[in-house]
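J.: Contents of start09.cif (mmCIF, C-alpha atoms):
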```cif
data_work
#
loop_
_atom_site.label_atom_id
_atom_site.label_comp_id
_atom_site.auth_asym_id
_atom_site.auth_seq_id
_atom_site.Cartn_x
_atom_site.Cartn_y
_atom_site.Cartn_z
CA MET X 1 10.87 57.87 244.17
CA ASP X 2 12.57 60.40 241.88
CA THR X 3 10.17 63.25 240.94
CA TYR X 4 10.57 62.77 237.19
CA LEU X 5 10.16 59.01 237.44
CA PHE X 6 7.01 59.53 239.54
CA ALA X 7 5.68 61.90 236.86
CA ILE X 8 6.26 59.25 234.19
CA VAL X 9 4.41 56.68 236.31
CA LEU X 10 1.47 59.09 236.61
CA ILE X 11 1.41 59.57 232.82
CA LEU X 12 1.40 55.79 232.32
CA ILE X 13 -1.55 55.43 234.70
CA ALA X 14 -3.35 58.27 232.92
CA SER X 15 -2.77 56.50 229.60
CA LEU X 16 -4.44 53.37 230.95
CA PHE X 17 -7.53 55.36 231.91
CA GLN X 18 -7.53 57.35 228.66
CA GLY X 19 -7.23 54.24 226.52
CA SER X 20 -10.09 52.53 228.34
CA PHE X 21 -12.84 55.14 228.68
CA GLY X 22 -13.95 54.85 225.03
CA LEU X 23 -15.02 51.27 225.68
CA GLY X 24 -18.15 52.62 227.34
CA MET X 25 -19.25 54.22 224.07
CA LYS X 26 -19.93 50.80 222.64
CA TYR X 27 -22.73 50.38 225.20
CA ILE X 28 -24.98 53.36 224.48
CA ALA X 29 -28.07 51.38 223.37
CA PRO X 30 -30.92 51.32 224.27
CA LEU X 31 -30.42 54.96 225.34
CA LYS X 32 -30.31 57.68 222.74
CA TRP X 33 -26.82 59.07 222.21
CA GLU X 34 -27.70 62.48 223.67
CA ALA X 35 -29.22 60.94 226.81
CA TRP X 36 -26.14 58.79 227.36
CA TRP X 37 -23.80 61.69 226.68
CA ILE X 38 -25.39 64.19 229.06
CA VAL X 39 -24.91 61.76 231.94
CA HIS X 40 -21.36 60.98 230.84
CA ALA X 41 -20.41 64.66 230.50
CA THR X 42 -21.89 65.61 233.86
CA VAL X 43 -19.90 62.92 235.65
CA ALA X 44 -16.69 63.54 233.68
CA MET X 45 -16.64 67.34 233.60
CA VAL X 46 -18.50 68.46 236.72
CA ILE X 47 -19.08 65.92 239.48
CA PHE X 48 -15.77 64.03 239.51
CA PRO X 49 -13.47 67.05 238.84
CA LEU X 50 -15.15 69.14 241.56
CA LEU X 51 -15.10 66.34 244.14
CA TRP X 52 -11.44 65.57 243.50
CA ALA X 53 -10.46 69.25 243.50
CA PHE X 54 -12.36 69.90 246.75
CA LEU X 55 -10.44 67.09 248.41
CA VAL X 56 -6.94 68.23 247.44
CA VAL X 57 -7.11 72.02 246.90
CA PRO X 58 -7.75 74.13 250.02
CA ASN X 59 -10.33 76.90 249.46
CA LEU X 60 -10.88 75.86 245.84
CA PHE X 61 -13.31 78.62 244.88
CA GLY X 62 -11.16 81.19 246.66
CA VAL X 63 -8.24 80.08 244.50
CA ILE X 64 -10.30 80.44 241.33
CA ALA X 65 -11.61 83.84 242.46
CA GLN X 66 -8.01 85.10 242.73
CA ALA X 67 -7.06 83.77 239.28
CA PRO X 68 -6.19 86.22 236.47
CA THR X 69 -9.25 87.00 234.36
CA ASN X 70 -7.42 86.24 231.13
CA GLU X 71 -6.61 82.71 232.34
CA ILE X 72 -10.21 82.07 233.35
CA ILE X 73 -11.49 83.27 229.98
CA SER X 74 -8.86 81.58 227.81
CA GLY X 75 -8.98 78.31 229.76
CA ALA X 76 -12.78 78.08 229.62
CA THR X 77 -12.93 79.19 225.97
CA LEU X 78 -10.38 76.61 224.86
CA GLY X 79 -12.28 74.04 226.91
CA PHE X 80 -15.43 75.01 225.01
CA GLY X 81 -13.57 74.49 221.73
CA TRP X 82 -12.43 71.09 222.93
CA GLY X 83 -16.06 70.31 223.74
CA ILE X 84 -16.85 70.41 220.04
CA GLY X 85 -14.06 67.94 219.37
CA GLY X 86 -15.18 65.73 222.24
CA ILE X 87 -18.67 65.44 220.81
CA MET X 88 -17.21 64.61 217.41
CA PHE X 89 -15.15 61.87 219.06
CA GLY X 90 -18.28 60.22 220.42
CA VAL X 91 -20.01 60.48 217.06
CA SER X 92 -17.07 59.10 215.08
CA VAL X 93 -16.88 55.92 217.21
CA GLY X 94 -20.31 55.02 215.82
CA TYR X 95 -19.04 55.45 212.27
CA ILE X 96 -15.56 53.93 212.19
CA GLY X 97 -15.19 52.01 215.46
CA MET X 98 -13.14 52.57 218.58
CA SER X 99 -9.76 51.46 217.23
CA LEU X 100 -9.63 53.71 214.18
CA THR X 101 -11.21 56.65 216.01
CA TYR X 102 -8.55 56.46 218.70
CA GLY X 103 -5.82 56.22 216.06
CA ILE X 104 -6.85 59.36 214.19
CA VAL X 105 -8.08 61.49 217.09
CA MET X 106 -5.34 60.68 219.57
CA GLY X 107 -2.63 61.04 216.94
CA LEU X 108 -3.68 64.42 215.60
CA CYS X 109 -4.59 65.64 219.07
CA SER X 110 -1.22 64.66 220.53
CA ILE X 111 0.74 66.39 217.79
CA ALA X 112 -1.27 69.63 217.82
CA GLY X 113 -1.46 69.66 221.62
CA ALA X 114 2.33 69.53 221.86
CA LEU X 115 3.26 71.86 218.99
CA ILE X 116 1.03 74.78 220.00
CA PRO X 117 2.50 75.12 223.54
CA MET X 118 5.97 74.64 222.04
CA PHE X 119 5.52 77.62 219.74
CA LEU X 120 4.08 79.71 222.58
CA LYS X 121 6.93 78.87 224.98
CA TYR X 122 9.75 78.35 222.51
CA ASP X 123 12.13 80.73 224.30
CA SER X 124 11.84 78.85 227.60
CA ILE X 125 12.71 75.42 226.17
CA ASN X 126 16.21 73.99 226.50
CA PRO X 127 17.57 73.94 222.90
CA ALA X 128 18.97 70.45 223.52
CA SER X 129 15.42 69.11 224.04
CA ILE X 130 13.89 70.55 220.87
CA PRO X 131 15.31 68.05 218.32
CA TYR X 132 14.14 65.10 220.40
CA ILE X 133 10.67 66.60 220.89
CA LEU X 134 10.34 67.15 217.15
CA ILE X 135 11.62 63.65 216.33
CA GLY X 136 9.14 62.17 218.79
CA LEU X 137 6.25 64.11 217.22
CA VAL X 138 7.29 63.14 213.69
CA LEU X 139 7.34 59.49 214.75
CA LEU X 140 3.87 59.90 216.23
CA ALA X 141 2.64 61.40 212.97
CA ILE X 142 4.03 58.40 211.08
CA ALA X 143 2.38 56.07 213.59
CA VAL X 144 -1.00 57.76 213.05
CA ILE X 145 -0.69 57.22 209.29
CA VAL X 146 0.24 53.56 209.80
CA VAL X 147 -2.64 52.95 212.22
CA THR X 148 -5.09 54.64 209.85
CA ILE X 149 -3.87 52.53 206.93
CA ALA X 150 -4.33 49.42 209.08
CA GLY X 151 -7.93 50.40 209.77
CA LEU X 152 -8.66 51.09 206.11
CA LYS X 153 -7.12 47.77 205.07
CA ARG X 154 -9.18 45.96 207.69
CA ASP X 155 -12.41 47.56 206.49
CA LYS X 156 -11.65 46.69 202.88
CA LEU X 157 -10.73 43.10 203.71
CA LEU X 158 -13.79 42.45 205.85
CA ALA X 159 -16.04 44.04 203.23
CA LYS X 160 -14.72 41.54 200.68
CA GLN X 161 -15.44 38.73 203.12
CA GLY X 162 -18.96 40.02 203.69
CA ILE X 163 -18.26 40.47 207.41
CA GLU X 164 -19.74 43.39 209.32
CA ILE X 165 -18.36 44.74 212.60
CA GLU X 166 -20.84 46.27 215.01
CA GLY X 167 -20.45 50.05 215.16
CA ILE X 168 -18.49 50.38 211.88
CA LYS X 169 -20.18 51.86 208.81
CA LYS X 170 -19.31 51.33 205.18
CA GLY X 171 -18.90 53.42 202.04
CA ALA X 172 -19.75 57.12 202.25
CA ALA X 173 -20.69 56.85 205.93
CA PHE X 174 -17.24 55.45 206.73
CA LYS X 175 -15.56 58.33 204.89
CA LYS X 176 -17.76 60.77 206.79
CA GLY X 177 -16.57 59.16 210.02
CA LEU X 178 -12.94 59.68 208.98
CA LEU X 179 -13.57 63.39 208.43
CA ILE X 180 -15.36 63.75 211.76
CA ALA X 181 -12.52 61.97 213.57
CA SER X 182 -9.90 64.18 211.89
CA ALA X 183 -11.70 67.38 212.90
CA SER X 184 -12.12 65.97 216.41
CA GLY X 185 -8.38 65.33 216.69
CA ILE X 186 -7.45 68.91 215.88
CA LEU X 187 -10.13 70.49 218.10
CA SER X 188 -9.37 68.11 220.96
CA ALA X 189 -5.87 69.59 221.24
CA MET X 190 -7.49 72.69 222.73
CA LEU X 191 -7.84 70.80 226.01
CA ALA X 192 -4.04 70.59 226.40
CA VAL X 193 -3.58 74.20 225.29
CA GLY X 194 -6.27 75.38 227.70
CA PHE X 195 -4.61 73.54 230.58
CA ASP X 196 -1.22 74.95 229.61
CA ASN X 197 -2.68 78.48 229.70
CA THR X 198 -3.78 78.20 233.35
CA SER X 199 -0.38 77.99 235.06
CA LYS X 200 -1.07 81.00 237.32
CA ILE X 201 -4.11 79.24 238.75
CA GLY X 202 -1.82 76.38 239.69
CA GLU X 203 0.59 78.76 241.40
CA ILE X 204 -2.24 80.30 243.43
CA ALA X 205 -3.45 76.84 244.43
CA GLU X 206 0.04 75.90 245.63
CA LYS X 207 0.26 79.07 247.73
CA ALA X 208 -3.11 78.11 249.25
CA GLY X 209 -1.56 74.87 250.47
CA ALA X 210 -2.12 72.36 247.67
CA LEU X 211 0.63 69.91 246.79
CA GLN X 212 2.39 70.79 243.54
CA ARG X 213 0.94 67.84 241.65
CA ASN X 214 -2.58 68.57 242.92
CA THR X 215 -2.61 72.14 241.63
CA ALA X 216 -3.66 70.62 238.30
CA LEU X 217 -7.11 69.86 239.73
CA ALA X 218 -7.91 73.56 240.22
CA ARG X 219 -6.82 74.24 236.65
CA TRP X 220 -9.06 71.50 235.26
CA VAL X 221 -12.13 72.91 237.02
CA VAL X 222 -11.74 76.10 234.97
CA VAL X 223 -11.01 74.45 231.62
CA LEU X 224 -13.77 71.87 231.96
CA ALA X 225 -16.35 74.51 232.87
CA GLY X 226 -16.18 75.72 229.27
CA ALA X 227 -16.13 72.16 227.97
CA TYR X 228 -19.25 71.26 229.93
CA VAL X 229 -21.19 74.27 228.64
CA MET X 230 -20.62 73.03 225.09
CA ASN X 231 -21.45 69.41 225.85
CA LEU X 232 -24.51 70.23 227.95
CA GLY X 233 -25.85 72.66 225.37
CA TYR X 234 -25.48 70.24 222.48
CA SER X 235 -27.00 67.34 224.41
CA LEU X 236 -30.00 69.42 225.47
CA PHE X 237 -30.43 70.63 221.89
CA LEU X 238 -30.61 67.03 220.64
CA LEU X 239 -32.91 65.96 223.47
CA ILE X 240 -35.34 68.72 222.49
CA LYS X 241 -34.92 68.32 218.74
CA ASN X 242 -35.33 64.54 218.78
CA LYS X 243 -37.88 64.58 221.62
CA SER X 244 -35.75 61.94 223.29
CA PHE X 245 -36.25 62.78 226.97
CA ASN X 246 -38.31 59.59 227.15
CA SER X 247 -35.06 57.72 226.47
CA PHE X 248 -34.44 57.88 230.21
CA LYS X 249 -37.53 55.70 230.68
CA THR X 250 -36.28 53.02 228.29
CA PRO X 251 -36.53 49.49 229.73
CA GLN X 252 -33.17 47.86 230.46
CA MET X 253 -31.32 51.17 230.26
CA GLY X 254 -29.38 50.39 233.46
CA LYS X 255 -26.39 48.90 231.64
CA ALA X 256 -26.07 51.92 229.35
CA LEU X 257 -26.27 54.34 232.29
CA LYS X 258 -23.70 52.31 234.19
CA TRP X 259 -21.27 52.57 231.29
CA SER X 260 -21.89 56.30 230.85
CA VAL X 261 -20.85 56.81 234.48
CA ILE X 262 -17.87 54.43 234.23
CA ALA X 263 -16.67 56.14 231.04
CA GLY X 264 -16.99 59.52 232.75
CA LEU X 265 -14.97 58.40 235.76
CA LEU X 266 -12.25 56.90 233.58
CA TRP X 267 -12.12 59.98 231.35
CA PHE X 268 -11.41 62.44 234.13
CA ALA X 269 -9.26 59.95 236.01
CA ALA X 270 -7.03 60.19 232.93
CA LEU X 271 -6.99 63.99 232.87
CA GLY X 272 -6.59 64.40 236.60
CA THR X 273 -3.67 61.99 236.78
CA TYR X 274 -2.14 63.45 233.62
CA GLY X 275 -2.34 66.94 235.09
CA GLN X 276 -0.50 65.78 238.19
CA GLY X 277 2.30 64.41 236.04
CA VAL X 278 2.54 67.62 234.03
CA ALA X 279 2.71 69.72 237.19
CA LEU X 280 5.73 67.71 238.33
CA MET X 281 7.47 67.92 234.94
CA GLY X 282 7.66 71.70 234.92
CA GLU X 283 7.62 74.24 232.09
CA ILE X 284 7.60 71.85 229.14
CA GLY X 285 5.45 69.19 230.81
CA THR X 286 2.55 69.57 228.37
CA MET X 287 4.79 69.18 225.32
CA ILE X 288 6.14 65.89 226.67
CA ALA X 289 3.30 64.37 228.69
CA TRP X 290 0.40 65.10 226.31
CA PRO X 291 1.71 63.17 223.29
CA MET X 292 3.06 60.46 225.60
CA MET X 293 -0.31 59.90 227.23
CA LEU X 294 -2.27 59.86 224.00
CA GLY X 295 0.28 57.67 222.23
CA ILE X 296 0.26 55.03 224.96
CA SER X 297 -3.53 55.27 225.30
CA LEU X 298 -3.75 54.36 221.61
CA ILE X 299 -2.01 51.09 222.43
CA ILE X 300 -4.39 50.45 225.34
CA SER X 301 -7.46 51.21 223.22
CA ASN X 302 -6.34 48.77 220.55
CA ILE X 303 -5.93 46.05 223.15
CA TRP X 304 -9.59 46.58 224.06
CA ALA X 305 -10.56 46.77 220.37
CA TYR X 306 -8.79 43.49 219.71
CA ARG X 307 -10.63 41.86 222.59
CA ALA X 308 -13.90 43.25 221.21
CA GLY X 309 -13.27 41.51 217.88
CA GLU X 310 -12.55 44.57 215.72
CA TRP X 311 -9.46 42.89 214.24
CA LYS X 312 -10.86 39.38 213.91
CA ASN X 313 -10.22 37.75 210.50
CA ALA X 314 -7.86 40.60 209.53
CA VAL X 315 -4.38 39.22 210.17
CA LYS X 316 -2.33 41.40 207.78
CA PRO X 317 -4.06 44.67 208.74
CA PHE X 318 -3.48 43.75 212.38
CA GLN X 319 0.22 43.28 211.65
CA THR X 320 0.24 46.78 210.17
CA LEU X 321 -1.42 48.02 213.34
CA LEU X 322 1.32 46.39 215.42
CA LEU X 323 3.92 48.26 213.36
CA GLY X 324 2.16 51.51 214.19
CA ILE X 325 2.10 50.61 217.87
CA GLY X 326 5.83 49.84 217.75
CA ILE X 327 6.51 53.29 216.32
CA ILE X 328 4.41 54.84 219.11
CA ILE X 329 6.53 53.08 221.71
CA VAL X 330 9.74 54.41 220.14
CA ALA X 331 8.25 57.93 219.92
CA THR X 332 7.25 57.78 223.58
CA CYS X 333 10.77 56.81 224.62
CA VAL X 334 12.25 59.68 222.61
CA LEU X 335 9.84 62.19 224.18
CA ALA X 336 10.55 60.88 227.66
CA TYR X 337 14.28 61.28 227.06
CA SER X 338 13.83 64.85 225.79
CA ASN X 339 12.48 65.94 229.16
CA THR X 340 15.59 64.68 230.94
CA LEU X 341 17.50 67.38 229.05
CA ALA X 342 15.25 70.17 230.35
#
```
Represent the structure contained in this file as structure tokens.

T.:
Amino acid sequence: MDTYLFAIVLILIASLFQGSFGLGMKYIAPLKWEAWWIVHATVAMVIFPLLWAFLVVPNLFGVIAQAPTNEIISGATLGFGWGIGGIMFGVSVGYIGMSLTYGIVMGLCSIAGALIPMFLKYDSINPASIPYILIGLVLLAIAVIVVTIAGLKRDKLLAKQGIEIEGIKKGAAFKKGLLIASASGILSAMLAVGFDNTSKIGEIAEKAGALQRNTALARWVVVLAGAYVMNLGYSLFLLIKNKSFNSFKTPQMGKALKWSVIAGLLWFAALGTYGQGVALMGEIGTMIAWPMMLGISLIISNIWAYRAGEWKNAVKPFQTLLLGIGIIIVATCVLAYSNTLA
């Protein structure tokens, strides 16, 4: 298979994982949020990434030990910043639901995560690609607005009908959820920027014998170390503050724990596969693959949201959502084409 086509396939697979992991957040009860999250974060940011990296990167810790100090620090620091956004993502799902959270967070995150690396590497980008990258990002921005409007229309319509959707607040709490999701989207872009800033680690991993696409796994270990510090610290803080350690003794908590692990596996399956695709795409891989993955994952997440009943009895808002999804598909095609000009 052609290398670029294989990279696109990897991004599509990553999008499937990314669009599905949030489903687990609807099954937190009867555990407290912080108890559920600490298990999820440990699986997603430590256990799975390390196991995968050990399998495909020879002498993993030796590779990291040889890495430039500035890449270790910047990668982990940006991962820490993403950790704040990741926590906000989990919180916002409880306020405005999975569909709208994905729409806002993934949209803003995809745009910021592509623009920042573009500005940092502007001189190395083929000028012919730039207009198509910008057009693709503008289309994604429009799609985010359309999806958000669809969610607001749905909430207003269902409120008039006196229908409540599990996990979606109303009034001031709903507006608070929108703000949290927006902040999460911007901060979450730091994950892509952190990964983009660890290219030397990938080069060292390849020299150590790792396949080009697998060098991404060594890079993720560094970035997610910072992310885990943030997530672990916040979860422990809440466990102590709320005295919720006993949550782990809650009867019938097995289903919630199962979903915390499944969500963790899906989350890093997305990042690991995405990283492989980026490694194959070359210098501007992040600018193309990041918005592509998040845009397509938004479609996947809305399929799950539809099946969960979040768009039941809201025909016109759902039609607006479909318009937004159509724009995402066009934007993805434009971005994919831009990389063929690199």

J.: Care to translate the PyMOL selection byres ((chain X and resi 88) around 10) into actual residues of this file, as a short mmCIF file (atom, residue, chain, number, x, y, z; two decimals) with C-alpha atoms, in the frame of the given file?

T.:
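Result file is expr.cif:
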```cif
data_model
loop_
_atom_site.label_atom_id
_atom_site.label_comp_id
_atom_site.auth_asym_id
_atom_site.auth_seq_id
_atom_site.Cartn_x
_atom_site.Cartn_y
_atom_site.Cartn_z
CA TRP X 82 -12.43 71.09 222.93
CA GLY X 83 -16.06 70.31 223.74
CA ILE X 84 -16.85 70.41 220.04
CA GLY X 85 -14.06 67.94 219.37
CA GLY X 86 -15.18 65.73 222.24
CA ILE X 87 -18.67 65.44 220.81
CA PHE X 89 -15.15 61.87 219.06
CA GLY X 90 -18.28 60.22 220.42
CA VAL X 91 -20.01 60.48 217.06
CA SER X 92 -17.07 59.10 215.08
CA VAL X 93 -16.88 55.92 217.21
CA VAL X 105 -8.08 61.49 217.09
CA GLY X 177 -16.57 59.16 210.02
CA LEU X 179 -13.57 63.39 208.43
CA ILE X 180 -15.36 63.75 211.76
CA ALA X 181 -12.52 61.97 213.57
CA SER X 182 -9.90 64.18 211.89
CA ALA X 183 -11.70 67.38 212.90
CA SER X 184 -12.12 65.97 216.41
CA GLY X 185 -8.38 65.33 216.69
CA LEU X 187 -10.13 70.49 218.10
CA SER X 188 -9.37 68.11 220.96
#
```

J.: Hey, which of X:Asn231, X:Asn126, X:Thr286, X:Asn59 ends up closest to Gly81 in chain X? Count all atoms listed in the file.

T.: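 Among X:Asn231, X:Asn126, X:Thr286, X:Asn59, it is X:Asn231 that comes nearest to Gly81 in chain X.
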
J.: Name the closest residue to Val330 in chain X among the candidates X:Ile296, X:Ile72, X:Leu239, X:Met253; distances are taken between atoms, counting all atoms listed in the file.

T.: X:Ile296

J.: Suppose you want the space between CA of Ile111 in chain X and CA of Ala331 in chain X; what is it in Å?

T.: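 Atom-to-atom, CA of Ile111 in chain X and CA of Ala331 in chain X are spaced 11.5 Å apart.
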
J.: If I take CA of Ala159 in chain X and CA of Asn313 in chain X, how far is one from the other in Å, to one decimal?

T.: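 Interatomic distance here is 11.2 Å.
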
J.: Expand the PyMOL selection byres ((chain X and resi 26-30) around 8) into the explicit residue set it covers here, and present it as a short mmCIF file (atom, residue, chain, number, x, y, z; two decimals) with C-alpha atoms, keeping the file's coordinate frame.

T.:
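Output file result_17.cif is given in full below:
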```cif
data_model
loop_
_atom_site.label_atom_id
_atom_site.label_comp_id
_atom_site.auth_asym_id
_atom_site.auth_seq_id
_atom_site.Cartn_x
_atom_site.Cartn_y
_atom_site.Cartn_z
CA GLY X 22 -13.95 54.85 225.03
CA LEU X 23 -15.02 51.27 225.68
CA GLY X 24 -18.15 52.62 227.34
CA MET X 25 -19.25 54.22 224.07
CA LEU X 31 -30.42 54.96 225.34
CA LYS X 32 -30.31 57.68 222.74
CA TRP X 33 -26.82 59.07 222.21
CA TRP X 36 -26.14 58.79 227.36
CA GLY X 167 -20.45 50.05 215.16
CA SER X 247 -35.06 57.72 226.47
CA THR X 250 -36.28 53.02 228.29
CA GLN X 252 -33.17 47.86 230.46
CA MET X 253 -31.32 51.17 230.26
CA LYS X 255 -26.39 48.90 231.64
CA ALA X 256 -26.07 51.92 229.35
CA LEU X 257 -26.27 54.34 232.29
CA TRP X 259 -21.27 52.57 231.29
CA SER X 260 -21.89 56.30 230.85
#
```

J.: Could you tell me how far CA of Lys249 in chain X sits from CA of His40 in chain X, in Å to one decimal place?

T.: 17.0 Å

J.: Can you work out which one of X:Leu152, X:Ala216, X:Val63, X:Ile201 has the shortest atom-to-atom distance to Leu271 in chain X, counting all atoms listed in the file?

T.: X:Ala216

J.: Residues near Leu321 in chain X, anyone? I mean within 6 Å using all atoms listed in the file, not counting same-chain ones fewer than 3 positions away, as a list in words.

T.: Val147, Ala150, Phe318 and Gly324 of chain X

J.: What do you get, as an NGL selection string, if you spell out every residue that the PyMOL selection byres ((chain X and resi 6-9) around 10) selects here?

T.: :X and (1-5 or 10-15 or 213 or 273-281 or 285 or 289 or 292-293 or 336)

J.: Tell me which protein, DNA and RNA residues are within 10 Å of Gly171 in chain X, counting only C-alpha atoms, leaving out same-chain ones fewer than 5 positions away, and put them as a list of chain:residue names.

T.: X:Asp155, X:Lys156, X:Ala159, X:Lys176

J.: Give as a list in words every residue, naming chains and numbers as the document does, that has an atom within 10 Å of (11.0, 60.1, 223.8), counting all atoms listed in the file.

T.: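 So the residues meeting the distance criterion are Tyr132, Ile133, Leu134, Ile135, Gly136, Leu137, Leu139, Ile288, Pro291, Met292, Ile328, Ile329, Val330, Ala331, Thr332, Cys333, Val334, Leu335, Ala336, Tyr337, Ser338, Asn339 and Thr340 of chain X.
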
J.: Of the candidates X:Leu322, X:Leu232, X:Ile240, X:Ala314, which one gets nearest to Ala41 in chain X if we count only C-alpha atoms?

T.: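 So, comparing all the options, the nearest one is X:Leu232.
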
J.: Which one of X:Trp267, X:Trp311, X:Phe80, X:Phe174 sits closest to Leu16 in chain X if you count all atoms listed in the file?

T.: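 Closest to Leu16 in chain X of all the choices is X:Trp267.
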
J.: Within 12 Å of Leu211 in chain X, counting only C-alpha atoms, which residues qualify if same-chain residues fewer than 4 places away don't, as a ChimeraX atom specification?

T.: /X:53,55-58,202-207,215-218,276,279-280

J.: Deliver the residues from the most recent selection as a file, using C-alpha atoms, as a PDB file, in the coordinates of the input.

T.:
```
ATOM      1  CA  ALA X  53     -10.460  69.250 243.500  1.00  0.00           C
ATOM      2  CA  LEU X  55     -10.440  67.090 248.410  1.00  0.00           C
ATOM      3  CA  VAL X  56      -6.940  68.230 247.440  1.00  0.00           C
ATOM      4  CA  VAL X  57      -7.110  72.020 246.900  1.00  0.00           C
ATOM      5  CA  PRO X  58      -7.750  74.130 250.020  1.00  0.00           C
ATOM      6  CA  GLY X 202      -1.820  76.380 239.690  1.00  0.00           C
ATOM      7  CA  GLU X 203       0.590  78.760 241.400  1.00  0.00           C
ATOM      8  CA  ILE X 204      -2.240  80.300 243.430  1.00  0.00           C
ATOM      9  CA  ALA X 205      -3.450  76.840 244.430  1.00  0.00           C
ATOM     10  CA  GLU X 206       0.040  75.900 245.630  1.00  0.00           C
ATOM     11  CA  LYS X 207       0.260  79.070 247.730  1.00  0.00           C
ATOM     12  CA  THR X 215      -2.610  72.140 241.630  1.00  0.00           C
ATOM     13  CA  ALA X 216      -3.660  70.620 238.300  1.00  0.00           C
ATOM     14  CA  LEU X 217      -7.110  69.860 239.730  1.00  0.00           C
ATOM     15  CA  ALA X 218      -7.910  73.560 240.220  1.00  0.00           C
ATOM     16  CA  GLN X 276      -0.500  65.780 238.190  1.00  0.00           C
ATOM     17  CA  ALA X 279       2.710  69.720 237.190  1.00  0.00           C
ATOM     18  CA  LEU X 280       5.730  67.710 238.330  1.00  0.00           C
TER      19      LEU X 280
END
```

J.: Quick one: of X:Gly282, X:Gly295, X:Gly309, X:Gly326, who's nearest to Leu108 in chain X, counting all atoms listed in the file?

T.: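 Comparing X:Gly282, X:Gly295, X:Gly309, X:Gly326 against Leu108 in chain X, the winner is X:Gly295.
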
J.: Around range 279-298 of chain X, fit a box with edges along x, y and z, padding it by 5 Å on each side, then list its centre and edge lengths in Å to one decimal as lines of an AutoDock Vina configuration file.

T.:
```
center_x = 2.0
center_y = 64.3
center_z = 230.0
size_x = 21.4
size_y = 29.9
size_z = 26.7
```

J.: Need the shell around range 195-197 of chain X: protein/DNA/RNA residues with any atom at most 9 Å away, counting all atoms listed in the file. Skip same-chain ones fewer than 3 positions apart. Format as number ranges by chain?

T.: X: 71, 74-75, 78-79, 117, 190-192, 200, 216, 219-220, 222-223, 275, 285-286
